[in-house]
file work-v9.cif (mmCIF, C-alpha atoms and all ligand atoms)
data_my_file
loop_
_atom_site.group_PDB
_atom_site.id
_atom_site.type_symbol
_atom_site.label_atom_id
_atom_site.label_comp_id
_atom_site.auth_asym_id
_atom_site.auth_seq_id
_atom_site.Cartn_x
_atom_site.Cartn_y
_atom_site.Cartn_z
ATOM 1 C CA MET Z 1 -11.501 -1.746 -20.610
ATOM 2 C CA ALA Z 2 -13.627 1.369 -20.282
ATOM 3 C CA THR Z 3 -13.959 1.180 -16.514
ATOM 4 C CA TYR Z 4 -10.274 0.826 -15.694
ATOM 5 C CA ARG Z 5 -9.272 3.075 -12.778
ATOM 6 C CA GLY Z 6 -5.741 2.966 -11.432
ATOM 7 C CA ARG Z 7 -3.768 5.067 -9.010
ATOM 8 C CA PHE Z 8 -0.344 6.027 -7.747
ATOM 9 C CA ALA Z 9 -0.456 6.527 -3.995
ATOM 10 C CA PRO Z 10 2.786 7.959 -2.639
ATOM 11 C CA SER Z 11 3.352 8.721 1.026
ATOM 12 C CA PRO Z 12 4.756 12.246 1.344
ATOM 13 C CA THR Z 13 7.713 11.177 3.478
ATOM 14 C CA GLY Z 14 10.161 12.766 1.057
ATOM 15 C CA PRO Z 15 10.561 13.500 -2.630
ATOM 16 C CA LEU Z 16 10.181 10.769 -5.238
ATOM 17 C CA HIS Z 17 13.291 8.672 -5.803
ATOM 18 C CA ALA Z 18 14.191 6.478 -8.753
ATOM 19 C CA GLY Z 19 12.244 3.556 -7.286
ATOM 20 C CA SER Z 20 9.038 5.498 -6.734
ATOM 21 C CA LEU Z 21 9.193 6.863 -10.288
ATOM 22 C CA VAL Z 22 9.226 3.256 -11.508
ATOM 23 C CA ALA Z 23 6.024 2.542 -9.564
ATOM 24 C CA ALA Z 24 4.446 5.771 -10.802
ATOM 25 C CA LEU Z 25 5.351 5.059 -14.416
ATOM 26 C CA ALA Z 26 4.158 1.455 -14.153
ATOM 27 C CA SER Z 27 0.737 2.490 -12.867
ATOM 28 C CA TRP Z 28 0.490 5.290 -15.436
ATOM 29 C CA LEU Z 29 1.442 2.988 -18.324
ATOM 30 C CA ASP Z 30 -0.996 0.329 -17.204
ATOM 31 C CA ALA Z 31 -3.821 2.856 -16.998
ATOM 32 C CA ARG Z 32 -2.976 4.332 -20.398
ATOM 33 C CA ALA Z 33 -2.553 0.897 -21.975
ATOM 34 C CA HIS Z 34 -6.094 0.059 -20.841
ATOM 35 C CA GLY Z 35 -7.541 3.394 -21.893
ATOM 36 C CA GLY Z 36 -8.229 3.966 -18.217
ATOM 37 C CA THR Z 37 -8.204 6.740 -15.665
ATOM 38 C CA TRP Z 38 -5.062 7.368 -13.613
ATOM 39 C CA LEU Z 39 -5.311 8.991 -10.207
ATOM 40 C CA VAL Z 40 -2.791 10.317 -7.736
ATOM 41 C CA ARG Z 41 -3.595 9.968 -4.053
ATOM 42 C CA ILE Z 42 -1.340 11.405 -1.373
ATOM 43 C CA GLU Z 43 -1.234 8.894 1.472
ATOM 44 C CA ASP Z 44 -0.591 11.181 4.402
ATOM 45 C CA VAL Z 45 -2.456 9.472 7.237
ATOM 46 C CA ASP Z 46 0.799 8.629 9.026
ATOM 47 C CA THR Z 47 1.389 12.263 9.903
ATOM 48 C CA PRO Z 48 4.534 11.748 12.032
ATOM 49 C CA ARG Z 49 6.302 10.305 8.964
ATOM 50 C CA CYS Z 50 5.115 13.019 6.577
ATOM 51 C CA VAL Z 51 7.525 15.766 5.600
ATOM 52 C CA PRO Z 52 5.942 19.196 5.133
ATOM 53 C CA GLY Z 53 5.988 20.186 1.477
ATOM 54 C CA ALA Z 54 6.862 16.700 0.219
ATOM 55 C CA ASP Z 55 3.369 16.319 -1.262
ATOM 56 C CA ALA Z 56 3.729 19.432 -3.417
ATOM 57 C CA LEU Z 57 7.229 18.360 -4.421
ATOM 58 C CA ILE Z 58 6.058 14.884 -5.456
ATOM 59 C CA LEU Z 59 3.240 16.337 -7.563
ATOM 60 C CA GLN Z 60 5.687 18.715 -9.173
ATOM 61 C CA GLN Z 61 8.149 15.890 -9.912
ATOM 62 C CA LEU Z 62 5.368 13.820 -11.457
ATOM 63 C CA ALA Z 63 4.203 16.757 -13.553
ATOM 64 C CA THR Z 64 7.762 17.314 -14.769
ATOM 65 C CA CYS Z 65 7.632 13.732 -16.085
ATOM 66 C CA GLY Z 66 4.251 14.320 -17.717
ATOM 67 C CA LEU Z 67 2.445 12.224 -15.118
ATOM 68 C CA VAL Z 68 -0.626 14.204 -14.081
ATOM 69 C CA SER Z 69 -3.669 12.858 -12.263
ATOM 70 C CA ASP Z 70 -6.755 12.634 -14.470
ATOM 71 C CA GLU Z 71 -8.940 13.746 -11.553
ATOM 72 C CA PRO Z 72 -8.245 16.122 -8.661
ATOM 73 C CA VAL Z 73 -5.559 14.772 -6.357
ATOM 74 C CA ARG Z 74 -6.908 13.354 -3.122
ATOM 75 C CA TRP Z 75 -5.163 13.727 0.237
ATOM 76 C CA GLN Z 76 -5.992 10.935 2.681
ATOM 77 C CA SER Z 77 -5.835 13.383 5.572
ATOM 78 C CA ASP Z 78 -8.891 15.116 4.066
ATOM 79 C CA GLN Z 79 -10.783 11.852 4.279
ATOM 80 C CA GLY Z 80 -10.154 11.023 7.942
ATOM 81 C CA THR Z 81 -13.797 11.019 8.939
ATOM 82 C CA ARG Z 82 -14.636 8.497 6.222
ATOM 83 C CA TYR Z 83 -12.579 5.678 7.755
ATOM 84 C CA ARG Z 84 -14.628 5.678 10.951
ATOM 85 C CA PRO Z 85 -17.800 4.108 9.432
ATOM 86 C CA SER Z 86 -15.704 1.237 8.070
ATOM 87 C CA LEU Z 87 -14.190 0.583 11.486
ATOM 88 C CA ASP Z 88 -17.674 0.830 13.040
ATOM 89 C CA HIS Z 89 -18.933 -1.702 10.511
ATOM 90 C CA LEU Z 90 -16.108 -4.113 11.327
ATOM 91 C CA ALA Z 91 -16.680 -3.640 15.056
ATOM 92 C CA GLY Z 92 -20.428 -4.131 14.601
ATOM 93 C CA THR Z 93 -19.923 -7.370 12.705
ATOM 94 C CA GLY Z 94 -17.473 -8.674 15.286
ATOM 95 C CA ARG Z 95 -14.444 -8.397 13.000
ATOM 96 C CA ALA Z 96 -12.647 -5.617 14.859
ATOM 97 C CA TYR Z 97 -11.926 -5.317 18.550
ATOM 98 C CA PRO Z 98 -10.257 -2.788 20.849
ATOM 99 C CA CYS Z 99 -6.819 -3.661 22.164
ATOM 100 C CA GLY Z 100 -5.273 -2.278 25.333
ATOM 101 C CA CYS Z 101 -1.802 -3.770 24.911
ATOM 102 C CA SER Z 102 1.336 -1.681 24.825
ATOM 103 C CA ARG Z 103 4.305 -2.883 22.809
ATOM 104 C CA ARG Z 104 5.844 -4.119 26.036
ATOM 105 C CA ASP Z 105 2.656 -6.053 26.981
ATOM 106 C CA ILE Z 106 2.876 -7.814 23.626
ATOM 107 C CA GLU Z 107 6.564 -8.682 24.091
ATOM 108 C CA THR Z 108 5.872 -9.995 27.594
ATOM 109 C CA ALA Z 109 2.947 -12.118 26.411
ATOM 110 C CA LEU Z 110 4.991 -13.549 23.564
ATOM 111 C CA GLN Z 111 7.869 -14.358 25.892
ATOM 112 C CA ALA Z 112 5.465 -16.069 28.290
ATOM 113 C CA GLN Z 113 4.247 -18.166 25.375
ATOM 114 C CA GLY Z 114 7.852 -19.056 24.604
ATOM 115 C CA VAL Z 115 7.656 -17.401 21.218
ATOM 116 C CA ALA Z 116 11.148 -16.471 20.161
ATOM 117 C CA ARG Z 117 11.220 -13.998 17.378
ATOM 118 C CA GLU Z 118 13.934 -12.673 15.204
ATOM 119 C CA ARG Z 119 14.976 -9.122 15.524
ATOM 120 C CA HIS Z 120 13.358 -6.847 12.926
ATOM 121 C CA HIS Z 121 10.501 -9.289 12.520
ATOM 122 C CA ALA Z 122 7.172 -7.731 13.452
ATOM 123 C CA ALA Z 123 5.552 -9.366 16.442
ATOM 124 C CA ILE Z 124 2.488 -11.460 15.759
ATOM 125 C CA TYR Z 125 -0.083 -10.170 18.196
ATOM 126 C CA PRO Z 126 -0.677 -12.914 20.790
ATOM 127 C CA GLY Z 127 -4.400 -12.195 20.960
ATOM 128 C CA THR Z 128 -4.459 -10.983 24.571
ATOM 129 C CA CYS Z 129 -7.446 -8.617 24.096
ATOM 130 C CA ARG Z 130 -9.431 -10.806 21.731
ATOM 131 C CA PRO Z 131 -13.102 -10.845 22.767
ATOM 132 C CA ASP Z 132 -13.025 -14.640 23.094
ATOM 133 C CA ARG Z 133 -10.126 -14.293 25.548
ATOM 134 C CA GLY Z 134 -11.966 -11.843 27.786
ATOM 135 C CA GLY Z 135 -11.424 -8.603 25.906
ATOM 136 C CA LEU Z 136 -9.843 -5.548 27.461
ATOM 137 C CA GLN Z 137 -10.339 -6.780 31.049
ATOM 138 C CA GLY Z 138 -10.394 -3.260 32.425
ATOM 139 C CA LYS Z 139 -7.523 -1.892 30.375
ATOM 140 C CA PRO Z 140 -8.255 1.285 28.398
ATOM 141 C CA ALA Z 141 -8.554 0.724 24.654
ATOM 142 C CA ARG Z 142 -5.437 1.875 22.802
ATOM 143 C CA ALA Z 143 -5.800 0.524 19.287
ATOM 144 C CA TRP Z 144 -8.342 -1.371 17.211
ATOM 145 C CA ARG Z 145 -7.389 -4.658 15.590
ATOM 146 C CA PHE Z 146 -8.832 -6.763 12.786
ATOM 147 C CA ASP Z 147 -9.703 -10.287 13.875
ATOM 148 C CA VAL Z 148 -8.153 -12.803 11.472
ATOM 149 C CA ALA Z 149 -8.483 -15.912 13.640
ATOM 150 C CA GLY Z 150 -9.701 -18.878 11.649
ATOM 151 C CA GLU Z 151 -9.219 -17.162 8.292
ATOM 152 C CA PRO Z 152 -8.029 -19.691 5.737
ATOM 153 C CA PRO Z 153 -4.927 -18.734 3.715
ATOM 154 C CA VAL Z 154 -5.639 -15.985 1.184
ATOM 155 C CA HIS Z 155 -4.930 -16.910 -2.439
ATOM 156 C CA TRP Z 156 -4.567 -14.217 -5.059
ATOM 157 C CA THR Z 157 -2.923 -13.855 -8.435
ATOM 158 C CA ASP Z 158 -0.516 -11.052 -9.103
ATOM 159 C CA ARG Z 159 -0.340 -10.052 -12.761
ATOM 160 C CA ARG Z 160 3.452 -10.092 -12.650
ATOM 161 C CA LEU Z 161 4.365 -12.391 -9.754
ATOM 162 C CA GLY Z 162 1.738 -15.056 -10.479
ATOM 163 C CA PRO Z 163 -0.171 -17.074 -7.862
ATOM 164 C CA GLN Z 164 0.396 -15.892 -4.302
ATOM 165 C CA VAL Z 165 -0.722 -17.236 -0.958
ATOM 166 C CA GLN Z 166 -0.468 -15.869 2.569
ATOM 167 C CA ASP Z 167 -1.785 -17.293 5.802
ATOM 168 C CA VAL Z 168 -2.525 -13.977 7.494
ATOM 169 C CA ALA Z 169 -3.563 -15.585 10.791
ATOM 170 C CA ALA Z 170 -0.262 -17.460 11.089
ATOM 171 C CA GLU Z 171 2.107 -15.003 9.433
ATOM 172 C CA VAL Z 172 0.701 -11.595 10.392
ATOM 173 C CA GLY Z 173 -1.940 -11.979 13.108
ATOM 174 C CA ASP Z 174 -4.662 -9.548 14.151
ATOM 175 C CA PHE Z 175 -3.395 -6.355 12.568
ATOM 176 C CA VAL Z 176 -4.045 -2.770 13.584
ATOM 177 C CA LEU Z 177 -6.780 -0.646 11.959
ATOM 178 C CA LEU Z 178 -6.717 2.368 14.271
ATOM 179 C CA ARG Z 179 -3.403 3.007 15.971
ATOM 180 C CA ALA Z 180 -2.780 3.744 19.634
ATOM 181 C CA ASP Z 181 -1.783 7.285 18.633
ATOM 182 C CA GLY Z 182 -5.247 7.796 17.130
ATOM 183 C CA LEU Z 183 -4.072 7.601 13.514
ATOM 184 C CA TRP Z 184 -5.700 5.400 10.911
ATOM 185 C CA ALA Z 185 -3.535 2.499 9.823
ATOM 186 C CA TYR Z 186 -2.420 2.228 6.202
ATOM 187 C CA GLN Z 187 -4.258 -1.090 5.662
ATOM 188 C CA LEU Z 188 -7.696 0.324 6.460
ATOM 189 C CA ALA Z 189 -7.150 3.683 4.775
ATOM 190 C CA VAL Z 190 -5.878 2.185 1.524
ATOM 191 C CA VAL Z 191 -8.726 -0.321 1.287
ATOM 192 C CA VAL Z 192 -11.404 2.286 1.983
ATOM 193 C CA ASP Z 193 -9.900 4.784 -0.471
ATOM 194 C CA ASP Z 194 -9.267 2.273 -3.249
ATOM 195 C CA ALA Z 195 -12.925 1.267 -3.034
ATOM 196 C CA ASP Z 196 -14.199 4.823 -2.670
ATOM 197 C CA GLN Z 197 -12.269 5.911 -5.749
ATOM 198 C CA GLY Z 198 -13.464 2.864 -7.703
ATOM 199 C CA ILE Z 199 -9.927 1.571 -8.239
ATOM 200 C CA THR Z 200 -10.029 -1.533 -10.433
ATOM 201 C CA HIS Z 201 -6.270 -2.036 -10.870
ATOM 202 C CA VAL Z 202 -3.568 -1.495 -8.282
ATOM 203 C CA VAL Z 203 -0.052 -1.234 -9.715
ATOM 204 C CA ARG Z 204 2.619 -0.530 -7.091
ATOM 205 C CA GLY Z 205 6.097 -1.583 -6.003
ATOM 206 C CA GLU Z 206 6.855 -5.161 -5.111
ATOM 207 C CA ASP Z 207 7.762 -4.146 -1.555
ATOM 208 C CA LEU Z 208 4.028 -3.699 -0.956
ATOM 209 C CA ALA Z 209 3.007 -7.164 -2.249
ATOM 210 C CA ASP Z 210 3.099 -8.531 1.284
ATOM 211 C CA ASN Z 211 0.188 -6.244 2.278
ATOM 212 C CA THR Z 212 -2.166 -7.548 -0.370
ATOM 213 C CA ALA Z 213 -3.603 -10.514 1.535
ATOM 214 C CA ARG Z 214 -4.450 -8.257 4.501
ATOM 215 C CA GLN Z 215 -6.149 -5.822 2.166
ATOM 216 C CA ILE Z 216 -8.137 -8.597 0.494
ATOM 217 C CA LEU Z 217 -9.388 -9.816 3.889
ATOM 218 C CA LEU Z 218 -10.493 -6.284 4.752
ATOM 219 C CA GLN Z 219 -12.216 -5.883 1.378
ATOM 220 C CA ARG Z 220 -14.136 -9.115 1.960
ATOM 221 C CA ALA Z 221 -15.129 -8.125 5.497
ATOM 222 C CA LEU Z 222 -16.334 -4.727 4.268
ATOM 223 C CA GLY Z 223 -18.129 -6.152 1.227
ATOM 224 C CA LEU Z 224 -15.826 -4.268 -1.154
ATOM 225 C CA PRO Z 225 -14.525 -5.489 -4.512
ATOM 226 C CA THR Z 226 -10.929 -6.693 -4.794
ATOM 227 C CA PRO Z 227 -8.967 -4.899 -7.518
ATOM 228 C CA HIS Z 228 -6.474 -6.603 -9.837
ATOM 229 C CA TYR Z 229 -2.924 -6.334 -8.497
ATOM 230 C CA LEU Z 230 0.392 -5.958 -10.253
ATOM 231 C CA HIS Z 231 3.551 -5.455 -8.211
ATOM 232 C CA ALA Z 232 6.273 -3.810 -10.242
ATOM 233 C CA PRO Z 233 10.004 -4.524 -9.925
ATOM 234 C CA LEU Z 234 11.976 -2.621 -7.312
ATOM 235 C CA VAL Z 235 15.019 -0.560 -8.057
ATOM 236 C CA LEU Z 236 17.936 -1.736 -5.946
ATOM 237 C CA GLY Z 237 20.601 0.590 -4.629
ATOM 238 C CA ALA Z 238 24.322 -0.055 -4.914
ATOM 239 C CA ASN Z 239 24.154 -2.061 -1.663
ATOM 240 C CA GLY Z 240 21.569 -4.414 -3.172
ATOM 241 C CA GLU Z 241 18.828 -3.116 -0.899
ATOM 242 C CA LYS Z 242 15.679 -1.600 -2.285
ATOM 243 C CA LEU Z 243 15.773 2.146 -2.697
ATOM 244 C CA SER Z 244 13.614 3.894 -0.177
ATOM 245 C CA LYS Z 245 13.216 7.305 1.291
ATOM 246 C CA GLN Z 246 14.128 5.715 4.618
ATOM 247 C CA ASN Z 247 17.554 4.517 3.484
ATOM 248 C CA GLY Z 248 18.367 7.899 2.102
ATOM 249 C CA ALA Z 249 17.731 7.293 -1.593
ATOM 250 C CA GLN Z 250 18.677 10.406 -3.479
ATOM 251 C CA ALA Z 251 15.933 12.587 -4.846
ATOM 252 C CA LEU Z 252 15.357 12.147 -8.542
ATOM 253 C CA ASP Z 253 17.446 14.246 -10.858
ATOM 254 C CA LEU Z 254 14.799 15.677 -13.122
ATOM 255 C CA ALA Z 255 17.015 18.076 -15.031
ATOM 256 C CA ASP Z 256 16.406 15.671 -17.916
ATOM 257 C CA PRO Z 257 12.952 14.157 -17.311
ATOM 258 C CA LEU Z 258 13.099 11.913 -20.374
ATOM 259 C CA ALA Z 259 16.354 10.383 -19.148
ATOM 260 C CA ALA Z 260 14.717 9.673 -15.779
ATOM 261 C CA LEU Z 261 11.699 8.142 -17.536
ATOM 262 C CA ARG Z 262 13.950 6.055 -19.769
ATOM 263 C CA GLN Z 263 15.736 4.728 -16.698
ATOM 264 C CA ALA Z 264 12.408 3.920 -15.039
ATOM 265 C CA ALA Z 265 11.187 2.220 -18.228
ATOM 266 C CA ALA Z 266 14.384 0.140 -18.296
ATOM 267 C CA ALA Z 267 13.750 -0.939 -14.693
ATOM 268 C CA LEU Z 268 10.358 -2.197 -15.886
ATOM 269 C CA GLY Z 269 12.087 -4.288 -18.533
ATOM 270 C CA LEU Z 270 10.964 -2.057 -21.397
ATOM 271 C CA PRO Z 271 13.455 -1.561 -24.195
ATOM 272 C CA ASP Z 272 15.106 1.803 -24.616
ATOM 273 C CA ALA Z 273 12.842 4.050 -26.612
ATOM 274 C CA ARG Z 274 15.365 6.828 -27.134
ATOM 275 C CA GLU Z 275 14.028 7.502 -30.582
ATOM 276 C CA SER Z 276 10.509 8.250 -29.496
ATOM 277 C CA HIS Z 277 8.581 9.636 -26.600
ATOM 278 C CA VAL Z 278 9.087 6.965 -23.945
ATOM 279 C CA PRO Z 279 5.593 6.515 -22.575
ATOM 280 C CA ALA Z 280 4.023 6.372 -26.016
ATOM 281 C CA ALA Z 281 6.490 3.753 -27.225
ATOM 282 C CA ALA Z 282 6.206 1.802 -24.028
ATOM 283 C CA LEU Z 283 2.423 1.425 -24.130
ATOM 284 C CA ALA Z 284 2.272 -1.316 -26.735
ATOM 285 C CA LEU Z 285 5.123 -3.177 -25.081
ATOM 286 C CA TRP Z 286 3.450 -2.841 -21.724
ATOM 287 C CA THR Z 287 0.154 -4.226 -22.987
ATOM 288 C CA ALA Z 288 1.922 -7.197 -24.513
ATOM 289 C CA ALA Z 289 3.921 -7.894 -21.377
ATOM 290 C CA TRP Z 290 1.150 -7.614 -18.779
ATOM 291 C CA PRO Z 291 -2.256 -8.464 -20.193
ATOM 292 C CA THR Z 292 -4.958 -8.003 -17.559
HETATM 293 N N1 LIG S 1 1.513 4.934 0.308
HETATM 294 C C1 LIG S 1 2.208 3.691 0.106
HETATM 295 C C2 LIG S 1 3.684 3.948 -0.062
HETATM 296 O O1 LIG S 1 4.068 5.012 -0.513
HETATM 297 C C3 LIG S 1 1.730 2.954 -1.113
HETATM 298 C C4 LIG S 1 0.384 2.425 -0.946
HETATM 299 C C5 LIG S 1 -0.133 1.589 -2.092
HETATM 300 O O2 LIG S 1 0.232 1.808 -3.261
HETATM 301 O O3 LIG S 1 -0.952 0.724 -1.795
HETATM 302 O O4 LIG S 1 4.482 3.070 0.252
#
call {"tool": "encode", "arguments": {"input": "work-v9.cif", "output": "structure tokens"}}
result
Amino acid sequence: MATYRGRFAPSPTGPLHAGSLVAALASWLDARAHGGTWLVRIEDVDTPRCVPGADALILQQLATCGLVSDEPVRWQSDQGTRYRPSLDHLAGTGRAYPCGCSRRDIETALQAQGVARERHHAAIYPGTCRPDRGGLQGKPARAWRFDVAGEPPVHWTDRRLGPQVQDVAAEVGDFVLLRADGLWAYQLAVVVDDADQGITHVVRGEDLADNTARQILLQRALGLPTPHYLHAPLVLGANGEKLSKQNGAQALDLADPLAALRQAAAALGLPDARESHVPAAALALWTAAWPT
């Protein structure tokens, strides 16, 4: 496929860990297996979570593993002004609306509706500021939300996980596009950048699969193409939880990059290719395992 364009899009919240190398290798292999272009994009819109210098460290870790972006690396923070027209478009077409609710307002509204929710489970916005419910009603706008009311369930096919369905209206609700702190939300930024960079194939960790339906709804509302998706296996820590920078996953030991790549390849279910250069050996296996 001559037009294949893939990407690895790490958030610079810390150095790569074993799990993020798996996602990076998976997207690199998929791009190479399709004769495509592989890009690295630093997703640093959530500035409070970014760690200074982590971006440079990640790029260095990738380079140590031979994973180098085919085009200049893009930083999302450089693109901030480009997200605004997309929000304006959604607002202009009645798909986005300003919301004046604080977290506490949302909790109170949910309690009043008798909605019990489990701890750790994100609140489904009760729709207080929806235009059809009277809008802001004098409150100052804090955030902007995407209106998903009446959206039928989103069906999509993941190249690894198979057919997927999510009822965004029931399971997620009107999600945030521009945050109360003035920062662009991941969902809008990733959709705008994937389209702007002509990404045809998204290969990322399975922990992100749950975002896909939201991103597809945004793509449709913005008239953007939907890429193919493949969510790669996660690496679990000793406690059975997925490795993440948040739960203190150790930085990758790249003293022996091939060993780290071999481990990542094993996590992807690829046989040990000790005898040869791992990525080269893995390409054929990858193509056979995950045809487009
Ligand atoms: N920046 C996101 C993360 O590191 C990944 C975004 C994506 O691949 O869509 O979790």
call {"tool": "closest_residue", "arguments": {"input": "work-v9.cif", "among": "Z:Pro257, Z:Pro98, Z:Gly35, Z:Gly223", "to": "Pro131 in chain Z", "atoms": "all atoms listed in the file"}}
result
Z:Pro98
call {"tool": "closest_residue", "arguments": {"input": "work-v9.cif", "among": "Z:Pro140, Z:Gly237, Z:Pro227, Z:Gly205", "to": "ligand LIG 1 (chain S)", "atoms": "all atoms listed in the file"}}
result
Z:Gly205
call {"tool": "residues_near_point", "arguments": {"input": "work-v9.cif", "point": "(-5.7, -5.6, -9.7)", "cutoff": "9 Å", "atoms": "all atoms listed in the file", "output": "NGL selection string"}}
result
:Z and (6 or 157-159 or 199-203 or 226-230 or 292)
call {"tool": "write_last_selection", "arguments": {"input": "work-v9.cif", "atoms": "C-alpha atoms", "output": "mmCIF file, keeping the file's coordinate frame"}}
result
data_model
loop_
_atom_site.group_PDB
_atom_site.id
_atom_site.type_symbol
_atom_site.label_atom_id
_atom_site.label_comp_id
_atom_site.auth_asym_id
_atom_site.auth_seq_id
_atom_site.Cartn_x
_atom_site.Cartn_y
_atom_site.Cartn_z
ATOM 1 C CA GLY Z 6 -5.741 2.966 -11.432
ATOM 2 C CA THR Z 157 -2.923 -13.855 -8.435
ATOM 3 C CA ASP Z 158 -0.516 -11.052 -9.103
ATOM 4 C CA ARG Z 159 -0.340 -10.052 -12.761
ATOM 5 C CA ILE Z 199 -9.927 1.571 -8.239
ATOM 6 C CA THR Z 200 -10.029 -1.533 -10.433
ATOM 7 C CA HIS Z 201 -6.270 -2.036 -10.870
ATOM 8 C CA VAL Z 202 -3.568 -1.495 -8.282
ATOM 9 C CA VAL Z 203 -0.052 -1.234 -9.715
ATOM 10 C CA THR Z 226 -10.929 -6.693 -4.794
ATOM 11 C CA PRO Z 227 -8.967 -4.899 -7.518
ATOM 12 C CA HIS Z 228 -6.474 -6.603 -9.837
ATOM 13 C CA TYR Z 229 -2.924 -6.334 -8.497
ATOM 14 C CA LEU Z 230 0.392 -5.958 -10.253
ATOM 15 C CA THR Z 292 -4.958 -8.003 -17.559
#
call {"tool": "resolve_selection", "arguments": {"input": "work-v9.cif", "expression": "the PyMOL selection byres (((not hetatm)) within 8 of (chain S and resi 1))", "output": "list of chain:residue names"}}
result
Z:Arg7, Z:Phe8, Z:Ala9, Z:Pro10, Z:Ser11, Z:Pro12, Z:Ser20, Z:Ile42, Z:Glu43, Z:Asp44, Z:Tyr186, Z:Val190, Z:Val202, Z:Val203, Z:Arg204, Z:Gly205, Z:Leu208
call {"tool": "write_last_selection", "arguments": {"input": "work-v9.cif", "atoms": "C-alpha atoms", "output": "mmCIF file, in the coordinates of the input"}}
result
data_model
loop_
_atom_site.group_PDB
_atom_site.id
_atom_site.type_symbol
_atom_site.label_atom_id
_atom_site.label_comp_id
_atom_site.auth_asym_id
_atom_site.auth_seq_id
_atom_site.Cartn_x
_atom_site.Cartn_y
_atom_site.Cartn_z
ATOM 1 C CA ARG Z 7 -3.768 5.067 -9.010
ATOM 2 C CA PHE Z 8 -0.344 6.027 -7.747
ATOM 3 C CA ALA Z 9 -0.456 6.527 -3.995
ATOM 4 C CA PRO Z 10 2.786 7.959 -2.639
ATOM 5 C CA SER Z 11 3.352 8.721 1.026
ATOM 6 C CA PRO Z 12 4.756 12.246 1.344
ATOM 7 C CA SER Z 20 9.038 5.498 -6.734
ATOM 8 C CA ILE Z 42 -1.340 11.405 -1.373
ATOM 9 C CA GLU Z 43 -1.234 8.894 1.472
ATOM 10 C CA ASP Z 44 -0.591 11.181 4.402
ATOM 11 C CA TYR Z 186 -2.420 2.228 6.202
ATOM 12 C CA VAL Z 190 -5.878 2.185 1.524
ATOM 13 C CA VAL Z 202 -3.568 -1.495 -8.282
ATOM 14 C CA VAL Z 203 -0.052 -1.234 -9.715
ATOM 15 C CA ARG Z 204 2.619 -0.530 -7.091
ATOM 16 C CA GLY Z 205 6.097 -1.583 -6.003
ATOM 17 C CA LEU Z 208 4.028 -3.699 -0.956
#
call {"tool": "closest_residue", "arguments": {"input": "work-v9.cif", "among": "Z:Trp290, Z:Tyr4, Z:Trp28, Z:Trp184", "to": "Asp46 in chain Z", "atoms": "all atoms listed in the file"}}
result
Z:Trp184
call {"tool": "atom_distance", "arguments": {"input": "work-v9.cif", "atom1": "CA of Arg5 in chain Z", "atom2": "CA of Gln263 in chain Z"}}
result
25.4 Å
call {"tool": "atom_distance", "arguments": {"input": "work-v9.cif", "atom1": "CA of Gly269 in chain Z", "atom2": "CA of Pro233 in chain Z"}}
result
8.9 Å
call {"tool": "axis_aligned_box", "arguments": {"input": "work-v9.cif", "around": "range 164-177 of chain Z", "padding_each_side": "5 Å", "output": "lines of an AutoDock Vina configuration file"}}
result
center_x = -2.3
center_y = -9.1
center_z = 4.9
size_x = 18.9
size_y = 26.8
size_z = 28.5
call {"tool": "resolve_selection", "arguments": {"input": "work-v9.cif", "expression": "the PyMOL selection byres (((chain Z and resi 148) around 8) and not hetatm)", "output": "PyMOL selection string"}}
result
chain Z and resi 95+146-147+149-151+168-169+173-174
call {"tool": "residues_near_point", "arguments": {"input": "work-v9.cif", "point": "(-6.0, 3.5, 18.8)", "cutoff": "10 Å", "atoms": "all atoms listed in the file", "output": "tab-separated table (two decimals) with C-alpha atoms, in the frame of the given file"}}
result
chain	number	residue	atom	x	y	z
Z	98	PRO	CA	-10.26	-2.79	20.85
Z	99	CYS	CA	-6.82	-3.66	22.16
Z	100	GLY	CA	-5.27	-2.28	25.33
Z	141	ALA	CA	-8.55	0.72	24.65
Z	142	ARG	CA	-5.44	1.88	22.80
Z	143	ALA	CA	-5.80	0.52	19.29
Z	144	TRP	CA	-8.34	-1.37	17.21
Z	145	ARG	CA	-7.39	-4.66	15.59
Z	176	VAL	CA	-4.04	-2.77	13.58
Z	177	LEU	CA	-6.78	-0.65	11.96
Z	178	LEU	CA	-6.72	2.37	14.27
Z	179	ARG	CA	-3.40	3.01	15.97
Z	180	ALA	CA	-2.78	3.74	19.63
Z	181	ASP	CA	-1.78	7.28	18.63
Z	182	GLY	CA	-5.25	7.80	17.13
Z	183	LEU	CA	-4.07	7.60	13.51
Z	184	TRP	CA	-5.70	5.40	10.91
Z	185	ALA	CA	-3.54	2.50	9.82
call {"tool": "residues_around", "arguments": {"input": "work-v9.cif", "residues": "Gln187 in chain Z", "least_positions_apart": "5", "cutoff": "8 Å", "atoms": "all atoms listed in the file", "output": "JSON, numbers by chain"}}
result
{"Z": [177, 211, 214, 215]}
call {"tool": "write_last_selection", "arguments": {"input": "work-v9.cif", "atoms": "C-alpha atoms", "output": "tab-separated table (two decimals), in the coordinates of the input"}}
result
chain	number	residue	atom	x	y	z
Z	177	LEU	CA	-6.78	-0.65	11.96
Z	211	ASN	CA	0.19	-6.24	2.28
Z	214	ARG	CA	-4.45	-8.26	4.50
Z	215	GLN	CA	-6.15	-5.82	2.17
call {"tool": "closest_residue", "arguments": {"input": "work-v9.cif", "among": "Z:Leu188, Z:Leu268, Z:Gly240, Z:Pro48", "to": "Pro85 in chain Z", "atoms": "only C-alpha atoms"}}
result
Z:Leu188
call {"tool": "atom_distance", "arguments": {"input": "work-v9.cif", "atom1": "CA of Pro15 in chain Z", "atom2": "CA of Thr212 in chain Z"}}
result
24.7 Å
call {"tool": "closest_residue", "arguments": {"input": "work-v9.cif", "among": "Z:Ala123, Z:Leu222, Z:Ile216, Z:Cys129", "to": "Ala170 in chain Z", "atoms": "only C-alpha atoms"}}
result
Z:Ala123
